[in-house]
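K.L.:
Quick one: the structure is below, and I'll ask about it shortly.
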Amino acid sequence: MRDDATRVHRTLLNLAAFVIIVAGMRAAAPLVVSFVLALFLTILCSTPLRWMTDHRIPKSVAVLALVLVILALGTVAGGLIVTPVVELGRSEAQLDRLFAEQIETVEATLSDYMVRFGLQSPVLDADELISISPSWMLGLMRQLLENLGFILANGFLIILTMVFMLLEVSSFPTKVRVALGEADATEARENWEKVGTAVRRYVVLKTIVSLGTGLCVAGLMALLGVNYPILWGVVAFLLNYVPNIGSFIAAVPAVLVAWLTMGVGTAIAAAAGFLVVNVLWGNLIEPKVMGYSVGLSTLVVFASLVFWGWVLGPVGMLLSVPLTVMFRIVLGTNESTRWIAVLLGSERSDEITAAIDAEVAVALGNEG
């Protein structure tokens with residue numbers, strides 16, 4: 001009886017600690033987002049940093065080169081999305097006028113058909129239709145731009161944190177060995193390698209798939225003559241990181257602008273093109289490129305999207321899958337929390353874990 005009571009108390013204490021930690025993360029979301037982005041950049045840059053140092057390039061020079069590459073990529077991405085969004089914002093009044101005209105046309109057409117069949121003419125509620133209006137769409141895109149602006153505004157803090165993390169990467173195993181002992185240090189190192197391997201594999205391959213999706217969408221929009229094709233390609237690239245619903249969200253504004261500026265036929269062609277692109281990259285190419293899934297069930301992927309989006313905002317939605325993968329691996333290394341990792345995993349979790357373990361063994365062997 002006493003053991004059962006102790007187990008219940010421990011469970012309640014863990015739940016209370018979890019709630020407090022989540023509340024603290026949500027309250028300090030701007031700072032947590034900066035730290036998380038710096039951590040992910042460090043994980044991604046650790047492999048090229050190791051390669052350069054292995055080829056006798058001084059660590060300071062290697063870190064500087066990586067920082068310059070990241071700044072260059074950020075500048076290019078910002079330029080690709082800022083200019084089209086500004087131009088689209090200038091057309092907001094015109095798009096709203098075209099939207100109102102199209103709604104009036106649809107309402108008149110429906111009324112004619114209803115009268116022919118002796119039915120009451122429908123009345124479209126403007127307040128309900130505003131939820132898909134260009135103003136609402138542009139508001140969402142401005143919010144996305146503001147979040148990107150937050151990342152750029154805090155770019156110095158993110159880059160500086162990443163630099164210090166990269167400088168500590170090589171000495172961190174030694175510190176862990178001294179602090180924990182040889183056996184525990186080896187286990188901690190293997191766990192870190194598991195996390196790094198899983199995150200790097202997911203982010204790199206997902207970026208390749210997202211880039212292919214964005215290029216196809218931009219080419220499709222340009223072929224159809226829809227305005228701002230580069231913007232729709234960048235939006236498709238970014239939102240492809242959001243699991244389950246990202247591709248659908250990316251298609252809505254592009255199809256809406258195609259309908260208002262080019263007509264129903266172009267809008268249907270754009271929607272069909274989005275469907276073909278997402279099926280091609282999401283269902284055919286991505287599974288082959290990834291080799292295996294991320295080891296999470298579909299329900300967990302969607303739940304993680306909602307949870308991390310609520311805690312960290314749009315950046316949390318973009319990083320929801322790698323964050324959950326990290327926590328699953330960490331939970332799986334402890335006997336008391338392994339059951340949570342099992343519940344988070346998919347049916348092929350054992351195969352995925354074995355594959356990651358094999359890659360970690362290769363990485364540790366190469367270092368040795």
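Letters A, B, ... mark the chains of the structure tokens in the order given; residue numbers begin at 1 per chain; ligand numbers begin at 1, in order shown.
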Write out as a compact mmCIF listing (two decimals) with N, CA and C atoms, in the first residue's frame all residues of stretch 189-321 of chain A that backbone DSSP assigns to helix (DSSP H, G or I).

P.N.:
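The result, written out as selection_19.txt:
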```txt
# COMPACT_ATOMS: atom_id res chain seq x y z
N ARG A 189 27.25 10.59 -24.09
CA ARG A 189 27.75 10.91 -25.42
C ARG A 189 26.95 10.18 -26.49
N GLU A 190 26.65 8.91 -26.26
CA GLU A 190 25.85 8.15 -27.22
C GLU A 190 24.45 8.73 -27.35
N ASN A 191 23.86 9.15 -26.24
CA ASN A 191 22.52 9.75 -26.28
C ASN A 191 22.54 11.06 -27.08
N TRP A 192 23.59 11.86 -26.84
CA TRP A 192 23.71 13.11 -27.60
C TRP A 192 23.88 12.83 -29.09
N GLU A 193 24.66 11.81 -29.42
CA GLU A 193 24.85 11.46 -30.83
C GLU A 193 23.55 10.97 -31.45
N LYS A 194 22.75 10.24 -30.66
CA LYS A 194 21.44 9.81 -31.16
C LYS A 194 20.57 11.01 -31.51
N VAL A 195 20.51 11.96 -30.58
CA VAL A 195 19.70 13.16 -30.81
C VAL A 195 20.22 13.92 -32.03
N GLY A 196 21.54 14.13 -32.08
CA GLY A 196 22.11 14.87 -33.19
C GLY A 196 21.88 14.20 -34.53
N THR A 197 22.07 12.89 -34.57
CA THR A 197 21.88 12.15 -35.82
C THR A 197 20.44 12.22 -36.29
N ALA A 198 19.50 12.01 -35.38
CA ALA A 198 18.09 12.04 -35.74
C ALA A 198 17.66 13.42 -36.22
N VAL A 199 18.08 14.47 -35.51
CA VAL A 199 17.68 15.83 -35.87
C VAL A 199 18.32 16.24 -37.19
N ARG A 200 19.62 15.97 -37.35
CA ARG A 200 20.28 16.34 -38.61
C ARG A 200 19.65 15.63 -39.79
N ARG A 201 19.39 14.35 -39.63
CA ARG A 201 18.81 13.57 -40.73
C ARG A 201 17.44 14.13 -41.11
N TYR A 202 16.62 14.41 -40.11
CA TYR A 202 15.28 14.91 -40.39
C TYR A 202 15.33 16.29 -41.05
N VAL A 203 16.11 17.22 -40.45
CA VAL A 203 16.12 18.60 -40.94
C VAL A 203 16.71 18.68 -42.35
N VAL A 204 17.81 17.98 -42.58
CA VAL A 204 18.46 18.05 -43.89
C VAL A 204 17.55 17.46 -44.98
N LEU A 205 17.02 16.27 -44.73
CA LEU A 205 16.18 15.64 -45.75
C LEU A 205 14.85 16.37 -45.92
N LYS A 206 14.28 16.87 -44.81
CA LYS A 206 13.04 17.64 -44.91
C LYS A 206 13.27 18.94 -45.68
N THR A 207 14.45 19.53 -45.50
CA THR A 207 14.79 20.75 -46.24
C THR A 207 14.88 20.46 -47.74
N ILE A 208 15.47 19.32 -48.09
CA ILE A 208 15.55 18.95 -49.51
C ILE A 208 14.16 18.79 -50.11
N VAL A 209 13.28 18.08 -49.39
CA VAL A 209 11.92 17.88 -49.87
C VAL A 209 11.16 19.20 -49.94
N SER A 210 11.32 20.05 -48.91
CA SER A 210 10.63 21.34 -48.90
C SER A 210 11.12 22.24 -50.02
N LEU A 211 12.44 22.19 -50.28
CA LEU A 211 12.98 23.00 -51.38
C LEU A 211 12.42 22.54 -52.72
N GLY A 212 12.34 21.23 -52.92
CA GLY A 212 11.73 20.72 -54.16
C GLY A 212 10.28 21.14 -54.28
N THR A 213 9.54 21.07 -53.16
CA THR A 213 8.14 21.49 -53.17
C THR A 213 8.02 22.96 -53.51
N GLY A 214 8.84 23.80 -52.88
CA GLY A 214 8.78 25.24 -53.14
C GLY A 214 9.12 25.59 -54.57
N LEU A 215 10.14 24.95 -55.13
CA LEU A 215 10.52 25.22 -56.53
C LEU A 215 9.40 24.82 -57.49
N CYS A 216 8.78 23.66 -57.23
CA CYS A 216 7.68 23.22 -58.09
C CYS A 216 6.49 24.17 -58.00
N VAL A 217 6.17 24.63 -56.79
CA VAL A 217 5.04 25.55 -56.62
C VAL A 217 5.34 26.88 -57.32
N ALA A 218 6.57 27.41 -57.14
CA ALA A 218 6.92 28.66 -57.80
C ALA A 218 6.85 28.52 -59.32
N GLY A 219 7.36 27.42 -59.85
CA GLY A 219 7.28 27.19 -61.28
C GLY A 219 5.85 27.05 -61.78
N LEU A 220 5.02 26.36 -61.00
CA LEU A 220 3.61 26.20 -61.36
C LEU A 220 2.90 27.54 -61.42
N MET A 221 3.10 28.37 -60.37
CA MET A 221 2.44 29.68 -60.34
C MET A 221 2.93 30.58 -61.48
N ALA A 222 4.23 30.51 -61.77
CA ALA A 222 4.75 31.31 -62.88
C ALA A 222 4.18 30.83 -64.21
N LEU A 223 4.04 29.52 -64.38
CA LEU A 223 3.49 28.96 -65.61
C LEU A 223 2.04 29.37 -65.81
N LEU A 224 1.29 29.43 -64.72
CA LEU A 224 -0.12 29.83 -64.80
C LEU A 224 -0.30 31.33 -64.89
N PRO A 229 4.85 34.60 -57.92
CA PRO A 229 5.15 33.16 -57.86
C PRO A 229 6.26 32.82 -56.87
N ILE A 230 7.26 33.73 -56.74
CA ILE A 230 8.35 33.46 -55.79
C ILE A 230 7.82 33.42 -54.37
N LEU A 231 6.90 34.33 -54.05
CA LEU A 231 6.31 34.35 -52.71
C LEU A 231 5.60 33.04 -52.40
N TRP A 232 4.82 32.52 -53.34
CA TRP A 232 4.08 31.27 -53.09
C TRP A 232 5.05 30.10 -52.96
N GLY A 233 6.16 30.15 -53.70
CA GLY A 233 7.15 29.10 -53.55
C GLY A 233 7.82 29.13 -52.18
N VAL A 234 8.15 30.35 -51.70
CA VAL A 234 8.77 30.47 -50.38
C VAL A 234 7.81 30.05 -49.28
N VAL A 235 6.54 30.46 -49.41
CA VAL A 235 5.53 30.07 -48.41
C VAL A 235 5.36 28.55 -48.39
N ALA A 236 5.32 27.93 -49.58
CA ALA A 236 5.20 26.47 -49.64
C ALA A 236 6.43 25.80 -49.03
N PHE A 237 7.61 26.37 -49.25
CA PHE A 237 8.84 25.83 -48.66
C PHE A 237 8.80 25.89 -47.14
N LEU A 238 8.40 27.04 -46.58
CA LEU A 238 8.38 27.19 -45.13
C LEU A 238 7.31 26.32 -44.48
N LEU A 239 6.09 26.36 -45.04
CA LEU A 239 4.99 25.65 -44.41
C LEU A 239 5.06 24.14 -44.62
N GLY A 246 0.40 21.97 -43.09
CA GLY A 246 1.20 23.03 -43.67
C GLY A 246 0.97 23.21 -45.17
N SER A 247 0.92 22.11 -45.90
CA SER A 247 0.73 22.20 -47.36
C SER A 247 -0.63 22.78 -47.71
N PHE A 248 -1.66 22.43 -46.94
CA PHE A 248 -3.00 22.96 -47.19
C PHE A 248 -3.02 24.47 -46.94
N ILE A 249 -2.41 24.91 -45.84
CA ILE A 249 -2.39 26.33 -45.53
C ILE A 249 -1.66 27.11 -46.62
N ALA A 250 -0.57 26.54 -47.15
CA ALA A 250 0.19 27.23 -48.19
C ALA A 250 -0.61 27.39 -49.47
N ALA A 251 -1.51 26.45 -49.75
CA ALA A 251 -2.26 26.49 -51.00
C ALA A 251 -3.38 27.53 -50.98
N VAL A 252 -3.96 27.80 -49.81
CA VAL A 252 -5.15 28.66 -49.73
C VAL A 252 -4.90 30.06 -50.29
N PRO A 253 -3.89 30.82 -49.82
CA PRO A 253 -3.73 32.17 -50.36
C PRO A 253 -3.36 32.19 -51.84
N ALA A 254 -2.56 31.23 -52.29
CA ALA A 254 -2.18 31.22 -53.71
C ALA A 254 -3.39 30.96 -54.60
N VAL A 255 -4.21 30.00 -54.22
CA VAL A 255 -5.41 29.70 -55.02
C VAL A 255 -6.39 30.87 -54.97
N LEU A 256 -6.50 31.53 -53.81
CA LEU A 256 -7.41 32.67 -53.69
C LEU A 256 -6.98 33.82 -54.60
N VAL A 257 -5.69 34.14 -54.62
CA VAL A 257 -5.19 35.20 -55.50
C VAL A 257 -5.36 34.81 -56.97
N ALA A 258 -5.14 33.54 -57.28
CA ALA A 258 -5.33 33.08 -58.66
C ALA A 258 -6.79 33.25 -59.08
N TRP A 259 -7.70 32.96 -58.18
CA TRP A 259 -9.14 33.10 -58.49
C TRP A 259 -9.50 34.56 -58.71
N LEU A 260 -9.00 35.46 -57.85
CA LEU A 260 -9.39 36.87 -57.94
C LEU A 260 -8.77 37.57 -59.13
N THR A 261 -7.55 37.19 -59.50
CA THR A 261 -6.85 37.92 -60.55
C THR A 261 -6.90 37.23 -61.91
N MET A 262 -7.09 35.90 -61.93
CA MET A 262 -7.01 35.16 -63.19
C MET A 262 -8.29 34.43 -63.55
N VAL A 264 -11.73 31.59 -62.41
CA VAL A 264 -12.00 30.29 -61.79
C VAL A 264 -11.14 29.19 -62.40
N GLY A 265 -10.96 29.22 -63.71
CA GLY A 265 -10.19 28.17 -64.38
C GLY A 265 -8.75 28.11 -63.87
N THR A 266 -8.12 29.27 -63.74
CA THR A 266 -6.75 29.30 -63.24
C THR A 266 -6.69 28.84 -61.79
N ALA A 267 -7.70 29.23 -60.99
CA ALA A 267 -7.73 28.81 -59.59
C ALA A 267 -7.84 27.29 -59.47
N ILE A 268 -8.69 26.69 -60.30
CA ILE A 268 -8.83 25.23 -60.29
C ILE A 268 -7.52 24.57 -60.71
N ALA A 269 -6.88 25.14 -61.74
CA ALA A 269 -5.60 24.59 -62.20
C ALA A 269 -4.54 24.72 -61.10
N ALA A 270 -4.54 25.85 -60.38
CA ALA A 270 -3.58 26.04 -59.29
C ALA A 270 -3.83 25.04 -58.16
N ALA A 271 -5.11 24.85 -57.81
CA ALA A 271 -5.43 23.89 -56.75
C ALA A 271 -5.03 22.48 -57.15
N ALA A 272 -5.29 22.13 -58.40
CA ALA A 272 -4.89 20.80 -58.88
C ALA A 272 -3.37 20.66 -58.90
N GLY A 273 -2.69 21.74 -59.28
CA GLY A 273 -1.23 21.70 -59.28
C GLY A 273 -0.66 21.52 -57.88
N PHE A 274 -1.22 22.23 -56.90
CA PHE A 274 -0.79 22.05 -55.52
C PHE A 274 -1.01 20.61 -55.07
N LEU A 275 -2.14 20.04 -55.45
CA LEU A 275 -2.43 18.66 -55.06
C LEU A 275 -1.41 17.70 -55.65
N VAL A 276 -1.10 17.88 -56.95
CA VAL A 276 -0.14 17.00 -57.61
C VAL A 276 1.25 17.14 -56.99
N VAL A 277 1.67 18.39 -56.73
CA VAL A 277 3.00 18.64 -56.15
C VAL A 277 3.12 18.00 -54.77
N ASN A 278 2.09 18.19 -53.94
CA ASN A 278 2.15 17.65 -52.58
C ASN A 278 2.07 16.13 -52.55
N VAL A 279 1.29 15.54 -53.46
CA VAL A 279 1.25 14.08 -53.54
C VAL A 279 2.59 13.55 -54.03
N LEU A 280 3.16 14.23 -55.04
CA LEU A 280 4.42 13.78 -55.61
C LEU A 280 5.55 13.84 -54.57
N TRP A 281 5.69 15.00 -53.91
CA TRP A 281 6.80 15.16 -52.96
C TRP A 281 6.48 14.55 -51.60
N GLY A 282 5.24 14.74 -51.14
CA GLY A 282 4.91 14.29 -49.79
C GLY A 282 4.67 12.80 -49.67
N ASN A 283 4.06 12.18 -50.68
CA ASN A 283 3.67 10.77 -50.58
C ASN A 283 4.58 9.83 -51.37
N LEU A 284 5.28 10.35 -52.38
CA LEU A 284 6.11 9.47 -53.20
C LEU A 284 7.60 9.68 -52.96
N ILE A 285 8.05 10.94 -53.06
CA ILE A 285 9.48 11.21 -52.96
C ILE A 285 9.95 11.24 -51.52
N GLU A 286 9.20 11.93 -50.64
CA GLU A 286 9.66 12.09 -49.26
C GLU A 286 9.89 10.77 -48.53
N PRO A 287 8.96 9.78 -48.61
CA PRO A 287 9.25 8.50 -47.92
C PRO A 287 10.51 7.81 -48.42
N LYS A 288 10.79 7.93 -49.73
CA LYS A 288 12.00 7.29 -50.26
C LYS A 288 13.26 8.04 -49.84
N VAL A 289 13.18 9.38 -49.83
CA VAL A 289 14.33 10.18 -49.43
C VAL A 289 14.63 10.02 -47.96
N MET A 290 13.58 10.04 -47.13
CA MET A 290 13.77 9.94 -45.69
C MET A 290 14.27 8.55 -45.29
N THR A 298 1.20 9.09 -36.10
CA THR A 298 0.53 10.22 -36.74
C THR A 298 -0.17 11.11 -35.73
N LEU A 299 -0.80 10.49 -34.74
CA LEU A 299 -1.48 11.26 -33.70
C LEU A 299 -0.49 12.10 -32.92
N VAL A 300 0.66 11.53 -32.58
CA VAL A 300 1.67 12.27 -31.82
C VAL A 300 2.22 13.43 -32.64
N VAL A 301 2.41 13.24 -33.95
CA VAL A 301 2.89 14.32 -34.81
C VAL A 301 1.92 15.49 -34.78
N PHE A 302 0.61 15.20 -34.91
CA PHE A 302 -0.38 16.27 -34.89
C PHE A 302 -0.47 16.92 -33.51
N ALA A 303 -0.44 16.09 -32.45
CA ALA A 303 -0.49 16.63 -31.09
C ALA A 303 0.73 17.50 -30.79
N SER A 304 1.90 17.08 -31.28
CA SER A 304 3.11 17.88 -31.06
C SER A 304 3.03 19.21 -31.80
N LEU A 305 2.40 19.20 -32.99
CA LEU A 305 2.19 20.44 -33.73
C LEU A 305 1.37 21.43 -32.92
N VAL A 306 0.27 20.94 -32.34
CA VAL A 306 -0.60 21.80 -31.54
C VAL A 306 0.12 22.26 -30.27
N PHE A 307 0.80 21.33 -29.59
CA PHE A 307 1.44 21.64 -28.32
C PHE A 307 2.57 22.66 -28.49
N TRP A 308 3.51 22.38 -29.38
CA TRP A 308 4.64 23.28 -29.54
C TRP A 308 4.22 24.60 -30.17
N GLY A 309 3.19 24.58 -31.01
CA GLY A 309 2.67 25.84 -31.54
C GLY A 309 2.07 26.70 -30.44
N TRP A 310 1.39 26.06 -29.48
CA TRP A 310 0.80 26.79 -28.36
C TRP A 310 1.88 27.32 -27.42
N VAL A 311 2.94 26.55 -27.22
CA VAL A 311 3.99 26.95 -26.28
C VAL A 311 4.92 27.99 -26.89
N LEU A 312 5.38 27.77 -28.11
CA LEU A 312 6.43 28.60 -28.71
C LEU A 312 5.97 29.41 -29.91
N PRO A 314 4.54 30.19 -33.88
CA PRO A 314 4.80 29.62 -35.21
C PRO A 314 6.14 28.91 -35.32
N VAL A 315 7.17 29.40 -34.64
CA VAL A 315 8.46 28.71 -34.69
C VAL A 315 8.35 27.32 -34.08
N GLY A 316 7.54 27.20 -33.01
CA GLY A 316 7.31 25.90 -32.41
C GLY A 316 6.62 24.94 -33.36
N MET A 317 5.73 25.45 -34.21
CA MET A 317 5.06 24.60 -35.19
C MET A 317 6.06 24.10 -36.23
N LEU A 318 6.98 24.96 -36.65
CA LEU A 318 7.98 24.55 -37.63
C LEU A 318 8.93 23.50 -37.06
N SER A 320 8.21 21.43 -34.46
CA SER A 320 7.48 20.51 -33.58
C SER A 320 7.98 19.07 -33.71
N VAL A 321 8.22 18.61 -34.92
CA VAL A 321 8.65 17.22 -35.10
C VAL A 321 10.06 16.97 -34.56
```

K.L.:
In terms of the shortest atom-to-atom distance over only C-alpha atoms, which of A:Leu39, A:Leu64, A:Ala72, A:Ala17 is closest to A:Thr161?

P.N.:
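Checking each candidate against A:Thr161, we get A:Leu39 as the closest.
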